[in-house]
Each structure stands twice: as structure tokens, then as C-alpha cells.
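run-v3.txt (compact mmCIF, C-alpha atoms and all ligand atoms)
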# COMPACT_ATOMS: atom_id res chain seq x y z
CA MET A 1 0.00 0.00 0.00
CA PHE A 2 1.21 3.53 -0.64
CA ALA A 3 -0.38 6.87 0.02
CA TYR A 4 -0.51 10.11 -1.97
CA ASN A 5 -1.24 13.40 -0.27
CA LEU A 6 -3.33 15.40 -2.71
CA ASN A 7 -5.69 18.32 -2.11
CA LYS A 8 -5.13 17.87 1.64
CA ILE A 9 -6.64 14.37 1.57
CA THR A 10 -4.83 11.06 1.73
CA MET A 11 -5.40 8.62 -1.08
CA HIS A 12 -4.58 5.04 -0.20
CA ILE A 13 -3.49 3.00 -3.19
CA PHE A 14 -3.37 -0.77 -2.79
CA ASN A 15 -1.60 -3.01 -5.29
CA GLY A 16 -2.13 -6.21 -3.36
CA LYS A 17 -5.38 -7.74 -2.12
CA ALA A 18 -3.87 -8.81 1.23
CA ASP A 19 -3.17 -5.17 2.18
CA LEU A 20 -6.59 -4.02 1.05
CA ILE A 21 -8.39 -6.78 2.97
CA ALA A 22 -6.31 -6.04 6.11
CA HIS A 23 -7.14 -2.32 5.85
CA LEU A 24 -10.87 -2.94 5.31
CA THR A 25 -10.95 -5.35 8.24
CA ALA A 26 -9.24 -2.80 10.47
CA ILE A 27 -11.52 0.13 9.63
CA ASN A 28 -14.90 -1.58 9.36
CA THR A 29 -17.21 -2.75 12.10
CA SER A 30 -19.80 -5.48 11.52
CA ASN A 31 -22.56 -3.04 10.53
CA SER A 32 -20.59 -0.54 8.47
CA THR A 33 -21.16 -0.45 4.74
CA ILE A 34 -18.70 -0.67 1.85
CA GLY A 35 -19.53 0.84 -1.54
CA PHE A 36 -17.56 -0.44 -4.52
CA VAL A 37 -16.98 0.99 -7.99
CA PRO A 38 -15.15 -1.48 -10.27
CA THR A 39 -13.41 0.18 -13.25
CA MET A 40 -10.71 -0.39 -15.81
CA GLY A 41 -9.32 3.10 -15.21
CA ALA A 42 -9.10 6.04 -17.63
CA ILE A 43 -11.36 7.70 -15.11
CA HIS A 44 -13.94 10.15 -16.46
CA LYS A 45 -16.89 12.08 -15.04
CA GLY A 46 -19.14 9.04 -15.37
CA HIS A 47 -16.89 7.10 -12.95
CA LEU A 48 -16.74 10.11 -10.62
CA SER A 49 -20.55 10.22 -10.49
CA LEU A 50 -20.59 6.52 -9.48
CA LEU A 51 -18.07 7.34 -6.74
CA GLN A 52 -20.21 10.24 -5.55
CA GLN A 53 -23.23 7.98 -5.26
CA SER A 54 -21.19 5.41 -3.36
CA LEU A 55 -19.76 8.07 -1.03
CA SER A 56 -23.25 9.34 -0.20
CA GLU A 57 -24.62 5.85 0.53
CA ASN A 58 -21.75 4.04 2.31
CA ASP A 59 -19.27 4.41 5.18
CA THR A 60 -16.30 3.35 3.04
CA THR A 61 -15.82 3.59 -0.73
CA VAL A 62 -13.43 1.44 -2.75
CA ILE A 63 -12.65 1.87 -6.45
CA SER A 64 -10.75 -0.78 -8.38
CA ILE A 65 -8.64 0.13 -11.41
CA PHE A 66 -7.75 -3.00 -13.34
CA VAL A 67 -7.58 -3.62 -17.07
CA ASN A 68 -8.88 -7.16 -17.04
CA PRO A 69 -7.14 -9.26 -19.74
CA THR A 70 -9.72 -12.07 -19.80
CA GLN A 71 -12.58 -9.87 -21.03
CA PHE A 72 -10.78 -8.69 -24.18
CA ASN A 73 -11.35 -10.88 -27.21
CA ASN A 74 -9.34 -8.44 -29.35
CA PRO A 75 -5.63 -8.31 -28.37
CA GLU A 76 -5.21 -4.90 -30.06
CA ASP A 77 -8.03 -3.46 -27.94
CA LEU A 78 -6.34 -4.79 -24.76
CA LEU A 79 -3.01 -3.34 -25.84
CA LYS A 80 -4.47 0.06 -26.68
CA TYR A 81 -6.71 0.34 -23.64
CA PRO A 82 -5.59 3.52 -21.79
CA ARG A 83 -3.56 2.93 -18.62
CA THR A 84 -3.35 6.23 -16.76
CA LEU A 85 -3.11 5.46 -13.04
CA GLU A 86 -1.40 8.74 -12.02
CA GLU A 87 -4.05 10.88 -13.77
CA ASP A 88 -6.81 8.61 -12.50
CA VAL A 89 -5.71 9.13 -8.90
CA GLN A 90 -5.58 12.91 -9.44
CA LYS A 91 -9.14 12.87 -10.80
CA ILE A 92 -10.42 10.76 -7.90
CA ALA A 93 -8.72 13.19 -5.49
CA THR A 94 -10.81 16.07 -6.91
CA LEU A 95 -13.77 14.60 -5.01
CA ASN A 96 -11.92 15.56 -1.82
CA LYS A 97 -13.02 12.45 0.06
CA THR A 98 -11.19 9.44 1.43
CA ILE A 99 -11.47 6.74 -1.20
CA LEU A 100 -9.55 3.47 -1.24
CA VAL A 101 -8.02 2.73 -4.64
CA TYR A 102 -7.32 -0.91 -5.46
CA ALA A 103 -5.01 -1.06 -8.50
CA PRO A 104 -3.86 -4.69 -8.52
CA THR A 105 -1.34 -6.39 -10.74
CA VAL A 106 -2.55 -9.17 -13.05
CA ALA A 107 -0.83 -11.70 -10.76
CA ASP A 108 -2.66 -10.36 -7.70
CA ILE A 109 -6.00 -11.16 -9.37
CA TYR A 110 -5.15 -14.25 -11.43
CA ASP A 111 -2.04 -15.67 -9.80
CA LYS A 112 -0.31 -17.76 -12.52
CA LYS A 113 -3.45 -18.81 -14.42
CA ILE A 114 -4.95 -16.01 -16.51
CA SER A 115 -8.19 -17.72 -17.50
CA SER A 116 -11.94 -17.34 -17.08
CA GLU A 117 -14.46 -19.36 -15.15
CA GLU A 118 -17.31 -20.61 -17.37
CA PHE A 119 -20.66 -19.10 -16.43
CA ASN A 120 -24.27 -19.73 -17.32
CA PHE A 121 -26.11 -16.42 -17.22
CA ASP A 122 -29.42 -17.97 -18.35
CA GLY A 123 -28.93 -16.83 -21.94
CA LEU A 124 -28.16 -13.16 -21.21
CA GLU A 125 -24.61 -13.84 -22.37
CA HIS A 126 -25.67 -14.93 -25.87
CA GLN A 127 -27.27 -11.61 -26.83
CA MET A 128 -25.64 -8.54 -28.36
CA GLU A 129 -22.08 -8.20 -27.02
CA GLY A 130 -21.98 -11.97 -26.56
CA LYS A 131 -22.41 -12.48 -30.31
CA PHE A 132 -19.53 -10.19 -31.20
CA ARG A 133 -17.11 -10.65 -28.31
CA PRO A 134 -16.62 -14.37 -27.64
CA GLY A 135 -15.51 -15.04 -24.05
CA HIS A 136 -16.16 -11.45 -22.97
CA TRP A 137 -18.90 -12.20 -20.44
CA ASP A 138 -17.01 -15.09 -18.84
CA GLY A 139 -14.08 -12.67 -18.44
CA VAL A 140 -16.27 -9.99 -16.86
CA GLY A 141 -18.03 -12.52 -14.59
CA THR A 142 -14.68 -13.94 -13.49
CA VAL A 143 -13.09 -10.63 -12.56
CA VAL A 144 -16.19 -9.13 -10.92
CA LYS A 145 -16.65 -12.28 -8.81
CA LYS A 146 -12.99 -12.16 -7.75
CA LEU A 147 -13.23 -8.44 -6.95
CA PHE A 148 -16.43 -8.96 -4.94
CA GLU A 149 -14.68 -11.70 -2.94
CA ILE A 150 -11.78 -9.35 -2.15
CA VAL A 151 -13.71 -6.12 -1.41
CA ASN A 152 -16.82 -7.80 0.05
CA PRO A 153 -18.97 -4.77 -0.76
CA THR A 154 -22.43 -3.99 0.58
CA ASN A 155 -23.28 -2.04 -2.59
CA ALA A 156 -21.63 -2.14 -6.02
CA TYR A 157 -22.21 0.58 -8.63
CA PHE A 158 -22.33 0.02 -12.38
CA GLY A 159 -23.17 2.48 -15.17
CA GLU A 160 -26.23 1.73 -17.30
CA LYS A 161 -24.25 2.37 -20.50
CA ASP A 162 -23.15 -1.26 -20.21
CA PHE A 163 -26.71 -2.38 -19.52
CA GLN A 164 -26.03 -5.97 -20.56
CA GLN A 165 -23.11 -6.02 -18.11
CA LEU A 166 -25.37 -4.72 -15.35
CA GLN A 167 -27.91 -7.52 -15.99
CA ILE A 168 -25.15 -10.14 -16.18
CA VAL A 169 -23.56 -9.02 -12.91
CA LYS A 170 -27.00 -9.11 -11.23
CA LYS A 171 -27.48 -12.66 -12.54
CA MET A 172 -24.02 -13.71 -11.33
CA VAL A 173 -24.81 -12.34 -7.85
CA GLU A 174 -28.19 -14.12 -7.78
CA LYS A 175 -26.80 -17.47 -8.99
CA ASN A 176 -23.83 -17.41 -6.62
CA LYS A 177 -25.98 -16.12 -3.73
CA LEU A 178 -23.56 -13.24 -3.08
CA SER A 179 -24.69 -10.67 -0.53
CA VAL A 180 -24.07 -7.52 -2.59
CA ASN A 181 -26.64 -5.04 -3.91
CA VAL A 182 -25.88 -4.29 -7.55
CA ILE A 183 -26.96 -0.73 -8.31
CA GLY A 184 -27.42 0.58 -11.86
CA CYS A 185 -26.64 4.29 -12.34
CA SER A 186 -27.79 6.63 -15.12
CA ILE A 187 -25.54 7.19 -18.11
CA PHE A 188 -23.29 10.23 -17.80
CA ARG A 189 -23.05 12.09 -21.11
CA GLU A 190 -20.77 14.70 -22.63
CA PRO A 191 -22.56 18.04 -23.36
CA SER A 192 -23.00 16.83 -26.97
CA GLY A 193 -24.91 13.77 -25.71
CA LEU A 194 -22.11 11.25 -26.39
CA ALA A 195 -22.05 8.66 -23.58
CA MET A 196 -18.92 9.05 -21.44
CA SER A 197 -16.48 6.23 -22.01
CA SER A 198 -12.77 5.63 -21.48
CA ARG A 199 -12.63 4.79 -25.19
CA ASN A 200 -13.67 8.38 -26.10
CA GLU A 201 -10.06 9.31 -25.27
CA ARG A 202 -9.05 7.66 -28.52
CA LEU A 203 -11.25 10.01 -30.60
CA THR A 204 -10.26 13.47 -31.81
CA ALA A 205 -12.36 16.46 -30.71
CA GLU A 206 -14.10 16.49 -34.14
CA GLN A 207 -14.79 12.76 -33.97
CA ARG A 208 -16.31 13.16 -30.50
CA GLU A 209 -18.65 15.84 -31.83
CA GLU A 210 -19.58 13.64 -34.78
CA ALA A 211 -20.10 10.63 -32.49
CA ALA A 212 -22.91 12.58 -30.76
CA PHE A 213 -24.96 11.41 -33.75
CA ILE A 214 -25.30 8.03 -32.00
CA TYR A 215 -27.30 9.46 -29.10
CA LYS A 216 -29.36 11.73 -31.37
CA LEU A 217 -30.36 8.66 -33.33
CA LEU A 218 -31.25 6.78 -30.13
CA GLN A 219 -33.47 9.64 -29.03
CA GLU A 220 -35.29 9.54 -32.38
CA THR A 221 -35.50 5.77 -32.04
CA LYS A 222 -37.44 6.25 -28.83
CA GLU A 223 -39.98 8.47 -30.62
CA LYS A 224 -40.27 6.15 -33.60
CA PHE A 225 -40.75 3.08 -31.40
CA GLN A 226 -44.03 4.54 -30.09
CA GLU A 227 -45.57 4.29 -33.61
CA HIS A 228 -43.51 1.62 -35.38
CA THR A 229 -42.48 -2.00 -34.96
CA ALA A 230 -39.01 -2.96 -33.73
CA GLN A 231 -38.21 -4.27 -37.23
CA GLU A 232 -39.20 -0.96 -38.87
CA VAL A 233 -37.15 1.05 -36.38
CA THR A 234 -34.15 -1.25 -36.86
CA LYS A 235 -34.31 -0.79 -40.65
CA TRP A 236 -34.56 2.99 -40.21
CA VAL A 237 -31.45 3.03 -37.98
CA THR A 238 -29.47 0.79 -40.35
CA ASP A 239 -30.44 3.02 -43.32
CA ASN A 240 -29.29 6.08 -41.38
CA PHE A 241 -25.79 4.64 -41.06
CA ALA A 242 -25.61 3.75 -44.75
CA ASP A 243 -24.54 7.29 -45.72
CA LYS A 244 -22.28 7.85 -42.72
CA PRO A 245 -18.81 6.63 -43.81
CA SER A 246 -17.17 7.60 -40.48
CA PHE A 247 -19.22 4.94 -38.70
CA ASP A 248 -19.28 1.20 -39.00
CA LEU A 249 -22.44 -0.13 -37.35
CA GLU A 250 -21.81 -3.46 -35.61
CA TYR A 251 -25.32 -4.00 -34.26
CA PHE A 252 -28.52 -2.24 -33.39
CA GLN A 253 -30.97 -4.24 -31.32
CA ILE A 254 -34.29 -3.54 -29.63
CA ALA A 255 -34.57 -5.98 -26.74
CA GLU A 256 -36.66 -6.69 -23.68
CA GLU A 257 -34.92 -5.27 -20.57
CA ASP A 258 -34.94 -8.31 -18.29
CA SER A 259 -34.24 -11.18 -20.69
CA LEU A 260 -32.40 -9.08 -23.31
CA LEU A 261 -34.24 -11.14 -25.93
CA PRO A 262 -34.88 -9.29 -29.22
CA CYS A 263 -38.31 -7.65 -29.44
CA GLU A 264 -40.33 -9.56 -32.05
CA THR A 265 -43.80 -8.21 -31.18
CA LYS A 266 -44.34 -5.41 -28.66
CA ILE A 267 -46.03 -6.50 -25.44
CA GLU A 268 -47.64 -3.64 -23.45
CA THR A 269 -46.46 -4.85 -20.05
CA LYS A 270 -42.80 -5.32 -21.04
CA LYS A 271 -39.99 -2.79 -20.93
CA TYR A 272 -37.79 -2.38 -23.98
CA ARG A 273 -34.43 -0.81 -24.71
CA ALA A 274 -32.44 -0.03 -27.81
CA PHE A 275 -28.80 -1.13 -27.82
CA ILE A 276 -26.15 -0.04 -30.28
CA ALA A 277 -22.46 -0.78 -30.96
CA VAL A 278 -20.65 1.30 -33.59
CA PHE A 279 -17.03 1.60 -34.65
CA MET A 280 -15.63 5.03 -35.30
CA ASN A 281 -12.03 5.07 -36.46
CA LYS A 282 -11.59 1.52 -35.02
CA VAL A 283 -12.88 2.72 -31.62
CA ARG A 284 -15.86 0.70 -30.46
CA LEU A 285 -18.63 2.81 -28.92
CA ILE A 286 -21.76 1.44 -27.25
CA ASP A 287 -24.89 3.18 -26.02
CA THR A 288 -28.43 2.35 -24.93
CA ILE A 289 -31.75 4.05 -24.29
CA SER A 290 -34.92 2.99 -22.50
CA LEU A 291 -37.82 3.02 -24.99
CA ASN A 292 -40.93 2.90 -22.82
O1 LIG B 301 -17.17 -1.92 -17.02
C1 LIG B 301 -15.96 -2.12 -16.80
O2 LIG B 301 -15.16 -1.20 -16.71
C2 LIG B 301 -15.45 -3.54 -16.65
O3 LIG B 301 -16.15 -4.41 -17.47
C3 LIG B 301 -15.46 -4.03 -15.19
C4 LIG B 301 -16.86 -4.12 -14.63
C5 LIG B 301 -14.62 -3.10 -14.32
C6 LIG B 301 -14.84 -5.43 -15.12
O4 LIG B 301 -13.55 -5.43 -15.60

For this file, produce the structure as C-alpha cells.
Amino acid sequence: MFAYNLNKITMHIFNGKADLIAHLTAINTSNSTIGFVPTMGAIHKGHLSLLQQSLSENDTTVISIFVNPTQFNNPEDLLKYPRTLEEDVQKIATLNKTILVYAPTVADIYDKKISSEEFNFDGLEHQMEGKFRPGHWDGVGTVVKKLFEIVNPTNAYFGEKDFQQLQIVKKMVEKNKLSVNVIGCSIFREPSGLAMSSRNERLTAEQREEAAFIYKLLQETKEKFQEHTAQEVTKWVTDNFADKPSFDLEYFQIAEEDSLLPCETKIETKKYRAFIAVFMNKVRLIDTISLN
């Protein structure tokens, strides 16, 4: 463990789980609460808003910063993923609160065997991201389970931008009977409407402005879905990308919120969402919007 003194507060940075567990054991009583924000770093305002929610609802807040190798199916994406621990710590310090930062090494999490556990998420894993990123959900499930075992949080905070991830983590908690509340938090957007993401760092200022088109389209999707079928809306979205050479649409899907199954026929009592994944200059951007 080492400590930075920034903005008159002390930031504790833990590289090893043994130190973190010892510290948490020392400071927590049996009824105190731990809030946890798992991240892969490249901290942005979206992460800071999750931290703020955790700080307001828990006695202790822990953030993990770990680029998890097992959830990357594309080696180039893993290689290029931003690793900016110093800047991340500075950004966390702007909140001016005591926050425990767990930034483990790969060996601290995986020991000598960097591999995933195989999960059954009742089919959630086969939809959307699962079709395009083989092994991704097993990798996420593996690391989140390991992190939950280390931090033992009362509440864990996840952004709704990765809505499929949120549902999968909830399923993992339910199936493994873990005693953690998984809390979904609203998407934090740039002023243009672009969903905040660590990957936005890899876009130029002009590309970021242009990428705001994704959210504009999702907002129109919401309007169109009131009057049209899911199939009609999907065709309209696909057509919209046809004359946008800067984008490469990977998928657009209208799905039921709980099961994530594609919407074939609208059912009044069900809640639907639109999900999108688009490449811009080889940077993969995802977004989602609730439709009803
Ligand atoms: O959403 C992320 O940043 C990652 O998937 C998570 C949850 C930190 C697991 O590596």
C-alpha cells in the first residue's frame, strides 16, 4: 500500500489484495457499509458520479482500477486500452473524500493462471455483445466475482451504459448467492450527448462531436418506437448509417430489458431498450436508451 497526499486528503493505493483486505478489516465494524466501484481506469466524469453515489450511501468507498485481460477478445483493444493510473488518482482526489483505490497487478488477481471461469447467465450472455465478443462475459463474470470476494462490498455501482453487463452481474450475484446489492446508475453524457467512455479518449475532438450522432439517433428511435415496430425502427437506424462513412455499425438491437431477448412483437407490459455498438475510427462505442 502507498499513500498520496493530494488536495489535503490522503489517497490510499493498494496493489495487493492482502493489504486491502487487512485495511478494510481494520476500519470496518460489523454493521458498516462498503460501496464499490469497479473500473478499468481512464477515469472520467461518469466514474466520478458513481463514486459520488457510493460516497453518499456508504461508510467506506473502494474503487478498483484494473484492465482485465480475460474480457478482451481483441488483443489490439487490450493493448491500446488507456492505462493512466497517475491521472486517475488525481481525478479521484478532486472529489476531496477518502477513497480506497485498489489497483492490482494481473498476478494479484489471477495468480499464474490467466483464464476465465465458465458461467451460465441464463442466456443473457448470448445476446448482443456476446455475439460479437466471444468469451467477454465469462471474463467480466470472473473478474467481478474475484473483486467482490476481495472487497466484500455492501453495494456495487455500475453504469447503465453497459446495460447488458449490469444484468449479467445481477445474474451472477443471484446465482452465486452473493450478498451484494448491484446498483445501476444513469448514463453520464458529454454536453453533446455522447455517452462518457474511457474509449472516447481515442477520438479526436471532431470525432467526438460527430459521435454525438449516436445518441441523437437513439433519441429519435425512442420516438419512432411509439408508432412503429421494432423491425421498422431497426431498418430505419441501419439506413441512417448507410450514408455515414465515419461509422461502422456493428449491431442495433431492440430488446426486452430483463431477458435481453430481441423484441419480435411489442407487449404492453414489457420494458424495452435499444442497444447499439458502432465503430468510429476503429474505436468501439456502445450506447443504450430505455424506450418505454
Ligand atoms: O465496465 C468495466 O469497466 C469492466 O467491465 C469491469 C466491470 C470493471 C470489469 O472489468

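A straight line drawn from atom CA of A:Thr288 to atom CA of A:Arg208 is 17.2 Å long.
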
| With only C-alpha atoms and all ligand atoms as the atoms that count, which of A:Ile21, A:Val140, A:Ala93, A:Ile63 lies nearest to ligand LIG 301 (chain B)? |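 For ligand LIG 301 (chain B), the nearest of the given residues is A:Val140.
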
| Could you work out how far atom CA of A:Leu260 lies from atom CA of A:Gly141, giving the answer in Å with one decimal? |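 We find that atom CA of A:Gly141 and atom CA of A:Leu260 lie 17.2 Å from each other.
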
| field | Distance in Å - atom CA of A:Phe14 versus atom CA of A:Thr105 | value |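 We find that atom CA of A:Phe14 and atom CA of A:Thr105 lie 9.9 Å from each other.
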
| Taking all atoms listed in the file into account, which residues are within 7 Å of ligand LIG 301 (chain B), as a PyMOL selection string? | chain A and resi 38-40+66-68+140+143-144+162

| said: Measuring between all atoms listed in the file, which one of A:Leu218, A:Ile254, A:Val169, A:Ile183 shows the shortest distance to A:Asp287? | reply: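 Closest to A:Asp287, using all atoms listed in the file: A:Leu218.
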
| request: Give as number ranges by chain the set of residues within 12 Å of the point (-4.8, 1.2, -29.2), where distances use the file's coordinates and all atoms listed in the file. | output: A: 74-83, 198-203, 281-284

For stretch 219-238 of chain A against stretch 262-279 of chain A, with a cut-off of 9 Å and counting only C-alpha atoms, what is the closest atom pair and its distance in Å to one decimal for every residue that makes the cut, ordered by chain and number, as a Markdown table?
| residue | atom | partner | partner_atom | distance |
| --- | --- | --- | --- | --- |
| A:Thr221 | CA | A:Ala274 | CA | 7.8 |
| A:Lys222 | CA | A:Ala274 | CA | 8.1 |
| A:Thr229 | CA | A:Thr265 | CA | 7.4 |
| A:Ala230 | CA | A:Cys263 | CA | 6.4 |
| A:Gln231 | CA | A:Glu264 | CA | 7.7 |

| Hey, what's within 10 Å of A:Val233 if we count all atoms listed in the file and toss same-chain stuff fewer than 4 positions away? As a count of residues only, please? | 17

| Between A:Lys244, A:Lys161, A:Lys171, A:Lys216, which one has atoms that come closest to A:Glu125, using all atoms listed in the file? |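 Of the candidates, the smallest distance to A:Glu125 is held by A:Lys171.
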